$ cat input09.txt   # compact mmCIF, C-alpha atoms
# COMPACT_ATOMS: atom_id res chain seq x y z
CA MET A 1 -7.80 -23.04 -36.89
CA PHE A 2 -5.99 -21.50 -33.98
CA LEU A 3 -3.04 -23.57 -32.82
CA ILE A 4 -1.97 -22.67 -29.30
CA ARG A 5 1.37 -23.97 -28.14
CA SER A 6 2.50 -21.49 -25.50
CA ARG A 7 2.21 -21.81 -21.73
CA PRO A 8 -0.29 -19.57 -19.93
CA PHE A 9 2.09 -17.65 -17.69
CA GLY A 10 5.00 -15.42 -18.56
CA HIS A 11 3.48 -14.11 -21.73
CA LEU A 12 0.15 -13.18 -23.21
CA SER A 13 0.00 -15.45 -26.26
CA GLY A 14 -2.85 -17.60 -24.95
CA LEU A 15 -4.98 -14.63 -24.06
CA GLU A 16 -4.27 -12.83 -27.32
CA ALA A 17 -5.04 -15.99 -29.27
CA LEU A 18 -8.43 -16.13 -27.57
CA GLU A 19 -9.08 -12.49 -28.38
CA ALA A 20 -8.37 -13.25 -32.04
CA VAL A 21 -10.72 -16.25 -31.78
CA LEU A 22 -13.52 -14.08 -30.42
CA ALA A 23 -12.95 -11.45 -33.09
CA THR A 24 -13.04 -14.11 -35.80
CA SER A 25 -16.19 -15.71 -34.36
CA VAL A 26 -18.33 -12.84 -35.66
CA PHE A 27 -17.28 -13.58 -39.25
CA ASP A 28 -19.31 -16.76 -39.52
CA GLN A 29 -16.31 -19.06 -39.98
CA GLN A 30 -15.87 -22.57 -38.68
CA ILE A 31 -13.39 -22.08 -35.87
CA THR A 32 -11.22 -24.83 -34.45
CA LEU A 33 -8.83 -24.57 -31.52
CA LEU A 34 -6.02 -27.01 -30.93
CA TYR A 35 -3.93 -26.89 -27.78
CA MET A 36 -0.64 -28.73 -27.87
CA ASP A 37 2.87 -28.71 -26.38
CA GLU A 38 3.09 -26.19 -23.52
CA GLY A 39 -0.31 -24.85 -24.58
CA VAL A 40 -2.07 -27.72 -22.79
CA TYR A 41 -1.35 -25.94 -19.50
CA GLN A 42 -3.83 -23.28 -20.60
CA LEU A 43 -6.61 -25.83 -20.17
CA LEU A 44 -5.89 -26.95 -16.61
CA ASP A 45 -8.77 -26.96 -14.18
CA ARG A 46 -8.56 -24.69 -11.13
CA GLN A 47 -5.79 -22.72 -12.75
CA ASP A 48 -4.68 -20.14 -10.24
CA ALA A 49 -3.23 -16.95 -11.63
CA GLY A 50 -1.88 -16.35 -8.11
CA PRO A 51 1.13 -14.12 -7.62
CA SER A 52 1.87 -13.87 -11.32
CA ASP A 53 -1.04 -11.44 -11.46
CA HIS A 54 -2.04 -12.55 -14.93
CA SER A 55 -5.71 -12.91 -15.46
CA SER A 56 -6.51 -16.52 -16.07
CA VAL A 57 -7.74 -17.58 -19.50
CA SER A 58 -9.98 -20.27 -17.96
CA LYS A 59 -13.09 -18.13 -17.84
CA THR A 60 -12.75 -17.13 -21.47
CA ILE A 61 -12.17 -20.73 -22.56
CA ALA A 62 -15.21 -21.88 -20.57
CA ALA A 63 -17.31 -19.21 -22.30
CA LEU A 64 -16.25 -19.98 -25.87
CA HIS A 65 -19.41 -22.00 -26.54
CA LEU A 66 -21.39 -18.77 -26.15
CA TYR A 67 -19.59 -17.63 -29.31
CA ASP A 68 -20.39 -20.89 -31.10
CA VAL A 69 -16.79 -22.02 -30.75
CA ASN A 70 -17.27 -25.67 -29.88
CA ARG A 71 -14.43 -27.39 -31.69
CA ILE A 72 -11.68 -27.37 -29.07
CA PHE A 73 -9.08 -30.10 -29.22
CA VAL A 74 -6.12 -31.08 -27.09
CA CYS A 75 -3.12 -33.20 -27.98
CA THR A 76 -3.12 -36.45 -26.00
CA ARG A 77 0.60 -36.87 -26.39
CA SER A 78 1.37 -33.37 -25.06
CA LEU A 79 -0.77 -34.14 -21.99
CA ALA A 80 0.97 -37.46 -21.40
CA GLU A 81 4.43 -35.93 -21.75
CA ARG A 82 3.52 -33.57 -18.91
CA GLY A 83 1.97 -36.20 -16.64
CA LEU A 84 -1.54 -34.88 -17.28
CA THR A 85 -4.75 -36.59 -18.32
CA SER A 86 -7.98 -35.21 -19.67
CA SER A 87 -9.43 -35.40 -16.13
CA ASP A 88 -7.04 -32.57 -15.11
CA LEU A 89 -8.63 -30.21 -17.61
CA LEU A 90 -11.28 -27.58 -17.21
CA LYS A 91 -14.89 -28.72 -17.02
CA VAL A 92 -18.18 -26.86 -17.23
CA ASP A 93 -21.07 -28.42 -15.29
CA GLY A 94 -18.97 -31.56 -14.90
CA ARG A 95 -18.62 -31.94 -18.66
CA SER A 96 -15.31 -31.83 -20.48
CA LEU A 97 -14.91 -29.08 -23.03
CA PHE A 98 -12.14 -30.68 -25.03
CA LYS A 99 -11.69 -33.66 -27.27
CA SER A 100 -8.33 -35.40 -27.03
CA LEU A 101 -6.62 -36.28 -30.29
CA ASN A 102 -3.69 -38.53 -31.09
CA THR A 103 -0.94 -37.58 -33.51
CA GLU A 104 -2.64 -39.15 -36.50
CA GLU A 105 -5.94 -37.38 -35.76
CA ILE A 106 -4.13 -34.06 -35.35
CA ARG A 107 -2.43 -34.53 -38.70
CA ASN A 108 -5.82 -35.09 -40.35
CA LEU A 109 -7.40 -32.17 -38.50
CA VAL A 110 -4.67 -29.72 -39.55
CA ASP A 111 -4.86 -31.05 -43.09
CA GLU A 112 -8.58 -30.14 -43.23
CA GLN A 113 -8.03 -26.49 -42.29
CA ASP A 114 -8.11 -23.58 -44.71
CA ARG A 115 -5.97 -21.44 -42.39
CA VAL A 116 -3.83 -22.22 -39.36
CA LEU A 117 -2.82 -19.41 -37.03
CA GLY A 118 -0.15 -20.31 -34.52
CA PHE A 119 0.19 -18.64 -31.13
CA MET B 1 -1.60 -15.75 -55.12
CA LYS B 2 -2.68 -13.19 -52.51
CA ILE B 3 -0.65 -13.59 -49.35
CA ALA B 4 -1.27 -12.03 -45.94
CA LEU B 5 1.29 -11.88 -43.16
CA LEU B 6 0.79 -11.94 -39.40
CA VAL B 7 3.71 -10.67 -37.31
CA LEU B 8 3.69 -11.69 -33.64
CA GLY B 9 7.28 -11.15 -32.51
CA ALA B 10 9.02 -8.01 -31.27
CA PRO B 11 11.88 -6.70 -33.42
CA GLU B 12 14.37 -6.56 -30.53
CA SER B 13 13.87 -10.10 -29.26
CA SER B 14 12.86 -12.12 -32.29
CA LEU B 15 13.58 -12.38 -35.98
CA ALA B 16 9.87 -12.20 -36.81
CA SER B 17 9.93 -8.69 -38.23
CA ARG B 18 13.03 -9.18 -40.35
CA THR B 19 11.99 -12.59 -41.61
CA ALA B 20 8.51 -11.33 -42.48
CA LEU B 21 10.00 -8.38 -44.36
CA ARG B 22 12.33 -10.59 -46.37
CA PHE B 23 9.46 -12.94 -47.06
CA ALA B 24 7.29 -10.03 -48.18
CA ARG B 25 9.97 -8.95 -50.66
CA ALA B 26 10.31 -12.53 -51.88
CA VAL B 27 6.54 -12.80 -52.36
CA LEU B 28 6.57 -9.75 -54.60
CA ALA B 29 9.71 -10.79 -56.43
CA SER B 30 8.12 -14.10 -57.34
CA GLY B 31 5.08 -12.46 -58.87
CA HIS B 32 2.57 -12.96 -56.06
CA SER B 33 0.76 -10.14 -54.32
CA LEU B 34 0.60 -9.08 -50.69
CA HIS B 35 -2.87 -8.76 -49.23
CA SER B 36 -1.85 -7.08 -45.98
CA VAL B 37 0.43 -7.30 -42.97
CA PHE B 38 -1.11 -7.46 -39.50
CA PHE B 39 0.95 -6.68 -36.40
CA TYR B 40 -0.42 -8.37 -33.30
CA ALA B 41 0.79 -9.39 -29.83
CA ASP B 42 4.48 -8.39 -29.43
CA GLY B 43 4.53 -7.74 -33.16
CA VAL B 44 3.07 -4.29 -32.49
CA TYR B 45 6.54 -3.25 -31.30
CA CYS B 46 7.68 -3.57 -34.93
CA ALA B 47 5.48 -0.61 -35.76
CA LEU B 48 5.42 1.43 -32.57
CA SER B 49 8.42 0.85 -30.36
CA PRO B 50 10.69 3.90 -30.07
CA ALA B 51 13.61 1.45 -30.14
CA ALA B 52 12.52 -0.14 -33.40
CA SER B 53 13.25 2.61 -35.90
CA ASP B 54 15.04 0.18 -38.25
CA SER B 55 11.99 -2.05 -38.33
CA ILE B 56 9.62 0.88 -38.74
CA ASP B 57 11.68 2.35 -41.59
CA SER B 58 11.85 -0.97 -43.43
CA TRP B 59 8.12 -1.57 -43.20
CA GLN B 60 7.34 1.98 -44.25
CA LYS B 61 9.59 1.54 -47.25
CA LEU B 62 7.76 -1.66 -48.19
CA SER B 63 4.45 0.15 -47.85
CA ALA B 64 5.69 3.08 -49.94
CA ASP B 65 6.98 0.73 -52.64
CA THR B 66 3.93 -1.49 -52.81
CA SER B 67 1.06 0.33 -51.07
CA VAL B 68 0.44 -2.83 -49.03
CA ASN B 69 -1.73 -2.20 -46.00
CA LEU B 70 0.12 -2.44 -42.67
CA SER B 71 -2.35 -2.85 -39.81
CA VAL B 72 -1.40 -2.52 -36.16
CA CYS B 73 -3.71 -3.98 -33.54
CA VAL B 74 -5.02 -1.22 -31.30
CA GLY B 75 -5.79 -3.54 -28.36
CA ALA B 76 -2.37 -5.18 -28.28
CA SER B 77 -0.71 -1.74 -28.54
CA GLU B 78 -2.72 -0.25 -25.70
CA ARG B 79 -2.03 -3.26 -23.49
CA ARG B 80 1.69 -2.64 -23.97
CA GLY B 81 1.41 1.06 -23.24
CA LEU B 82 2.50 2.09 -26.71
CA PRO B 83 1.53 5.62 -27.64
CA ILE B 84 -0.69 4.97 -30.60
CA LYS B 85 -2.03 8.43 -31.28
CA GLN B 86 1.35 10.13 -31.28
CA ASP B 87 3.22 7.52 -33.26
CA ILE B 88 0.53 6.78 -35.76
CA PRO B 89 -1.28 10.01 -36.53
CA SER B 90 -2.82 8.67 -39.69
CA SER B 91 -2.39 6.07 -42.34
CA THR B 92 -0.03 8.36 -44.23
CA ASN B 93 3.09 6.95 -42.59
CA GLY B 94 2.26 3.50 -43.88
CA PHE B 95 0.70 2.00 -40.76
CA THR B 96 -3.01 1.85 -40.01
CA VAL B 97 -4.40 1.34 -36.53
CA SER B 98 -7.06 -1.31 -36.62
CA GLY B 99 -8.79 -4.04 -34.68
CA LEU B 100 -8.70 -7.81 -34.78
CA GLY B 101 -11.45 -7.76 -37.39
CA SER B 102 -8.73 -6.86 -39.91
CA LEU B 103 -6.89 -10.05 -39.02
CA ALA B 104 -10.04 -12.10 -39.55
CA HIS B 105 -10.57 -10.33 -42.87
CA ALA B 106 -7.01 -11.08 -43.95
CA ALA B 107 -7.41 -14.75 -43.01
CA ILE B 108 -10.63 -15.00 -45.01
CA GLU B 109 -9.71 -12.95 -48.08
CA ALA B 110 -6.10 -13.91 -48.68
CA ASP B 111 -5.17 -17.21 -50.31
CA ARG B 112 -2.56 -17.82 -47.61
CA LEU B 113 -1.89 -16.35 -44.19
CA LEU B 114 1.61 -16.79 -42.83
CA THR B 115 2.51 -16.26 -39.18
CA PHE B 116 5.91 -14.97 -38.07
CA GLY B 117 7.13 -15.11 -34.50
CA SER B 118 4.83 -17.49 -32.70

$ encode --input "input09.txt" --output "structure tokens"
Amino acid sequence: MFLIRSRPFGHLSGLEALEAVLATSVFDQQITLLYMDEGVYQLLDRQDAGPSDHSSVSKTIAALHLYDVNRIFVCTRSLAERGLTSSDLLKVDGRSLFKSLNTEEIRNLVDEQDRVLGF
Amino acid sequence: MKIALLVLGAPESSLASRTALRFARAVLASGHSLHSVFFYADGVYCALSPAASDSIDSWQKLSADTSVNLSVCVGASERRGLPIKQDIPSSTNGFTVSGLGSLAHAAIEADRLLTFGS
């Protein structure tokens, strides 16, 4: 599991996490992504890299299914704390890419993992 | 138990490098083995930054003492403009330049993977 808790702008953690995800995807492992805390901003729809000149991670996230990475979760509580809902998040062909989890579900999900890599 | 470490923080601005080093020593002292150490994201500064000679020396000493593999991510280093070829001519100085596949390997092969500096 890759646990992403950093905001998209100001540093490269989100992008470098995704690069590690893609590299790991060729090793035939079950890969899970969980976005929580500031990391939920990585998933916003119509994210505009704008003047910060960082390339947006949105395209990579939207393409993860091509690498058989389909287990992407987002923390409901982190969204709520930031005034966001799942309707603010990235969609592909009108379909949401992420499953929202509450604290209890996150606890169970993390408990199931063999490895957790935090970014 | 075989333990792998992932270092993500720069030595100047985080304690990741120092904490990981102390942890590595503690792992060995308690009878476990180190699988490898992978330097990724800002962690590559621990191995390559001209300002990080303390960090570099300490890791090299660990490698010399234990022959643990120290891998530095080539992509993260290039993105930060670090001069890979000059600073790491070969694996003889303790560090090996490698790709993210090494990180995946470490995660799969080691019993535990611990992250420092996220």

$ atom_distance --input "input09.txt" --atom1 "atom CA of A:Val57" --atom2 "atom CA of B:Leu70"
28.8 Å

$ atom_distance --input "input09.txt" --atom1 "atom CA of B:Ser71" --atom2 "atom CA of B:Ser14"
19.3 Å

$ residues_near_point --input "input09.txt" --point "(-3.3, -5.9, -31.3)" --cutoff "8 Å" --atoms "only C-alpha atoms" --output "list in words"
Phe39, Tyr40, Ala41, Val44, Val72, Cys73, Val74, Gly75, Ala76, Ser77, Glu78, Ser98, Gly99 and Leu100 of chain B

$ residues_around --input "input09.txt" --residues "B:Arg112" --least-positions-apart "6" --cutoff "12 Å" --atoms "only C-alpha atoms" --output "ChimeraX atom specification"
/A:113-117 /B:1-6,27,32-37,105-106

$ atom_distance --input "input09.txt" --atom1 "atom CA of A:Phe73" --atom2 "atom CA of A:Asp88"
14.5 Å

$ closest_residue --input "input09.txt" --among "B:Leu15, B:Leu8, B:Leu21, B:Ala64" --to "chain A" --atoms "all atoms listed in the file"
B:Leu8

$ closest_residue --input "input09.txt" --among "A:His11, A:Cys75, A:Lys59, A:Gly118" --to "chain B" --atoms "all atoms listed in the file"
A:Gly118

$ residues_near_point --input "input09.txt" --point "(7.9, -5.0, -46.5)" --cutoff "7 Å" --atoms "all atoms listed in the file" --output "number ranges by chain"
B: 21, 24-25, 58-59, 61-63

$ write_last_selection --input "input09.txt" --atoms "C-alpha atoms" --output "PDB file, keeping the file's coordinate frame"
ATOM      1  CA  LEU B  21      10.000  -8.380 -44.360  1.00  0.00           C
ATOM      2  CA  ALA B  24       7.290 -10.030 -48.180  1.00  0.00           C
ATOM      3  CA  ARG B  25       9.970  -8.950 -50.660  1.00  0.00           C
ATOM      4  CA  SER B  58      11.850  -0.970 -43.430  1.00  0.00           C
ATOM      5  CA  TRP B  59       8.120  -1.570 -43.200  1.00  0.00           C
ATOM      6  CA  LYS B  61       9.590   1.540 -47.250  1.00  0.00           C
ATOM      7  CA  LEU B  62       7.760  -1.660 -48.190  1.00  0.00           C
ATOM      8  CA  SER B  63       4.450   0.150 -47.850  1.00  0.00           C
TER       9      SER B  63
END

$ closest_residue --input "input09.txt" --among "B:Ala47, B:Leu82, B:Leu28, B:Leu103" --to "A:Ala17" --atoms "only C-alpha atoms"
B:Leu103

$ closest_atom_pairs --input "input09.txt" --of "chain A" --to "chain B" --cutoff "12 Å" --atoms "only C-alpha atoms" --output "Markdown table"
| residue | atom | partner | partner_atom | distance |
| --- | --- | --- | --- | --- |
| A:Met1 | CA | B:Ala107 | CA | 10.3 |
| A:Phe2 | CA | B:Thr115 | CA | 11.3 |
| A:Leu3 | CA | B:Ser118 | CA | 9.9 |
| A:Ile4 | CA | B:Ser118 | CA | 9.2 |
| A:Arg5 | CA | B:Ser118 | CA | 8.6 |
| A:Ser6 | CA | B:Ser118 | CA | 8.6 |
| A:His11 | CA | B:Asp42 | CA | 9.6 |
| A:Leu12 | CA | B:Ala41 | CA | 7.7 |
| A:Ser13 | CA | B:Ala41 | CA | 7.1 |
| A:Gly14 | CA | B:Ala41 | CA | 10.2 |
| A:Leu15 | CA | B:Ala41 | CA | 9.7 |
| A:Glu16 | CA | B:Ala41 | CA | 6.6 |
| A:Ala17 | CA | B:Ala41 | CA | 8.8 |
| A:Leu18 | CA | B:Leu100 | CA | 11.0 |
| A:Glu19 | CA | B:Leu100 | CA | 7.9 |
| A:Ala20 | CA | B:Leu100 | CA | 6.1 |
| A:Val21 | CA | B:Ala104 | CA | 8.8 |
| A:Leu22 | CA | B:Leu100 | CA | 9.0 |
| A:Ala23 | CA | B:Leu100 | CA | 5.8 |
| A:Thr24 | CA | B:Ala104 | CA | 5.2 |
| A:Ser25 | CA | B:Ala104 | CA | 8.8 |
| A:Val26 | CA | B:Gly101 | CA | 8.7 |
| A:Phe27 | CA | B:Ala104 | CA | 7.4 |
| A:Asp28 | CA | B:Ala104 | CA | 10.4 |
| A:Gln29 | CA | B:Ile108 | CA | 8.6 |
| A:Gln30 | CA | B:Ile108 | CA | 11.2 |
| A:Ile31 | CA | B:Ala104 | CA | 11.2 |
| A:Gln113 | CA | B:Arg112 | CA | 11.5 |
| A:Asp114 | CA | B:Arg112 | CA | 8.5 |
| A:Arg115 | CA | B:Leu113 | CA | 6.8 |
| A:Val116 | CA | B:Leu113 | CA | 7.8 |
| A:Leu117 | CA | B:Thr115 | CA | 6.6 |
| A:Gly118 | CA | B:Ser118 | CA | 6.0 |
| A:Phe119 | CA | B:Ser118 | CA | 5.0 |

$ residues_around --input "input09.txt" --residues "A:Ile61" --least-positions-apart "4" --cutoff "12 Å" --atoms "all atoms listed in the file" --output "JSON, numbers by chain"
{"A": [14, 15, 17, 18, 19, 21, 22, 33, 35, 42, 43, 44, 45, 47, 56, 57, 65, 66, 67, 68, 69, 70, 71, 72, 73, 89, 90, 91, 92, 96, 97, 98]}

$ residues_around --input "input09.txt" --residues "A:Glu105" --least-positions-apart "6" --cutoff "12 Å" --atoms "only C-alpha atoms" --output "PDB file with C-alpha atoms, in the coordinates of the input"
ATOM      1  CA  LEU A  34      -6.020 -27.010 -30.930  1.00  0.00           C
ATOM      2  CA  PHE A  73      -9.080 -30.100 -29.220  1.00  0.00           C
ATOM      3  CA  VAL A  74      -6.120 -31.080 -27.090  1.00  0.00           C
ATOM      4  CA  CYS A  75      -3.120 -33.200 -27.980  1.00  0.00           C
ATOM      5  CA  THR A  76      -3.120 -36.450 -26.000  1.00  0.00           C
ATOM      6  CA  ARG A  77       0.600 -36.870 -26.390  1.00  0.00           C
ATOM      7  CA  LYS A  99     -11.690 -33.660 -27.270  1.00  0.00           C
ATOM      8  CA  ASP A 111      -4.860 -31.050 -43.090  1.00  0.00           C
ATOM      9  CA  GLU A 112      -8.580 -30.140 -43.230  1.00  0.00           C
TER      10      GLU A 112
END

$ closest_residue --input "input09.txt" --among "A:Pro8, A:Ser100, A:Thr60, A:Val110" --to "A:Ala80" --atoms "only C-alpha atoms"
A:Ser100

$ build_atoms --input "input09.txt" --residues "stretch 37-56 of chain B" --atoms "N, CA, C and O atoms" --output "JSON list (two decimals), in the frame of the given file"
[["chain", "number", "residue", "atom", "x", "y", "z"],
["B", 37, "VAL", "N", -0.40, -6.83, -44.07],
["B", 37, "VAL", "CA", 0.43, -7.30, -42.97],
["B", 37, "VAL", "C", -0.26, -6.85, -41.69],
["B", 37, "VAL", "O", -0.62, -5.68, -41.55],
["B", 38, "PHE", "N", -0.46, -7.80, -40.76],
["B", 38, "PHE", "CA", -1.11, -7.46, -39.50],
["B", 38, "PHE", "C", -0.12, -7.66, -38.35],
["B", 38, "PHE", "O", 0.50, -8.71, -38.23],
["B", 39, "PHE", "N", 0.03, -6.62, -37.54],
["B", 39, "PHE", "CA", 0.95, -6.68, -36.40],
["B", 39, "PHE", "C", 0.13, -6.89, -35.14],
["B", 39, "PHE", "O", -0.71, -6.05, -34.78],
["B", 40, "TYR", "N", 0.38, -8.02, -34.46],
["B", 40, "TYR", "CA", -0.42, -8.37, -33.30],
["B", 40, "TYR", "C", 0.52, -8.87, -32.20],
["B", 40, "TYR", "O", 1.69, -9.18, -32.47],
["B", 41, "ALA", "N", 0.00, -8.97, -30.98],
["B", 41, "ALA", "CA", 0.79, -9.39, -29.83],
["B", 41, "ALA", "C", 2.08, -8.55, -29.77],
["B", 41, "ALA", "O", 2.03, -7.35, -30.03],
["B", 42, "ASP", "N", 3.25, -9.17, -29.51],
["B", 42, "ASP", "CA", 4.48, -8.39, -29.43],
["B", 42, "ASP", "C", 4.89, -7.81, -30.78],
["B", 42, "ASP", "O", 5.77, -6.95, -30.86],
["B", 43, "GLY", "N", 4.26, -8.27, -31.83],
["B", 43, "GLY", "CA", 4.53, -7.74, -33.16],
["B", 43, "GLY", "C", 4.23, -6.25, -33.29],
["B", 43, "GLY", "O", 4.78, -5.58, -34.16],
["B", 44, "VAL", "N", 3.38, -5.73, -32.41],
["B", 44, "VAL", "CA", 3.07, -4.29, -32.49],
["B", 44, "VAL", "C", 4.31, -3.44, -32.24],
["B", 44, "VAL", "O", 4.39, -2.29, -32.70],
["B", 45, "TYR", "N", 5.30, -4.01, -31.52],
["B", 45, "TYR", "CA", 6.54, -3.25, -31.30],
["B", 45, "TYR", "C", 7.25, -2.94, -32.61],
["B", 45, "TYR", "O", 7.99, -1.98, -32.72],
["B", 46, "CYS", "N", 7.04, -3.79, -33.62],
["B", 46, "CYS", "CA", 7.68, -3.57, -34.93],
["B", 46, "CYS", "C", 7.23, -2.25, -35.53],
["B", 46, "CYS", "O", 7.94, -1.64, -36.33],
["B", 47, "ALA", "N", 6.03, -1.82, -35.16],
["B", 47, "ALA", "CA", 5.48, -0.61, -35.76],
["B", 47, "ALA", "C", 5.54, 0.58, -34.83],
["B", 47, "ALA", "O", 5.50, 1.73, -35.29],
["B", 48, "LEU", "N", 5.63, 0.33, -33.53],
["B", 48, "LEU", "CA", 5.42, 1.43, -32.57],
["B", 48, "LEU", "C", 6.56, 1.67, -31.60],
["B", 48, "LEU", "O", 6.62, 2.73, -30.99],
["B", 49, "SER", "N", 7.42, 0.68, -31.40],
["B", 49, "SER", "CA", 8.42, 0.85, -30.36],
["B", 49, "SER", "C", 9.40, 1.95, -30.74],
["B", 49, "SER", "O", 9.93, 1.98, -31.86],
["B", 50, "PRO", "N", 9.71, 2.85, -29.80],
["B", 50, "PRO", "CA", 10.69, 3.90, -30.07],
["B", 50, "PRO", "C", 12.06, 3.32, -30.39],
["B", 50, "PRO", "O", 12.89, 3.95, -31.04],
["B", 51, "ALA", "N", 12.30, 2.07, -29.92],
["B", 51, "ALA", "CA", 13.61, 1.45, -30.14],
["B", 51, "ALA", "C", 13.67, 0.69, -31.46],
["B", 51, "ALA", "O", 14.68, 0.08, -31.78],
["B", 52, "ALA", "N", 12.58, 0.71, -32.21],
["B", 52, "ALA", "CA", 12.52, -0.14, -33.40],
["B", 52, "ALA", "C", 12.54, 0.66, -34.69],
["B", 52, "ALA", "O", 11.87, 0.32, -35.66],
["B", 53, "SER", "N", 13.33, 1.73, -34.72],
["B", 53, "SER", "CA", 13.25, 2.61, -35.90],
["B", 53, "SER", "C", 13.69, 1.90, -37.18],
["B", 53, "SER", "O", 13.15, 2.17, -38.25],
["B", 54, "ASP", "N", 14.62, 0.94, -37.06],
["B", 54, "ASP", "CA", 15.04, 0.18, -38.25],
["B", 54, "ASP", "C", 13.86, -0.58, -38.83],
["B", 54, "ASP", "O", 13.61, -0.57, -40.04],
["B", 55, "SER", "N", 13.15, -1.26, -37.91],
["B", 55, "SER", "CA", 11.99, -2.05, -38.33],
["B", 55, "SER", "C", 10.93, -1.16, -38.93],
["B", 55, "SER", "O", 10.37, -1.45, -40.00],
["B", 56, "ILE", "N", 10.66, -0.04, -38.26],
["B", 56, "ILE", "CA", 9.62, 0.88, -38.74],
["B", 56, "ILE", "C", 9.98, 1.40, -40.14],
["B", 56, "ILE", "O", 9.16, 1.40, -41.05]]
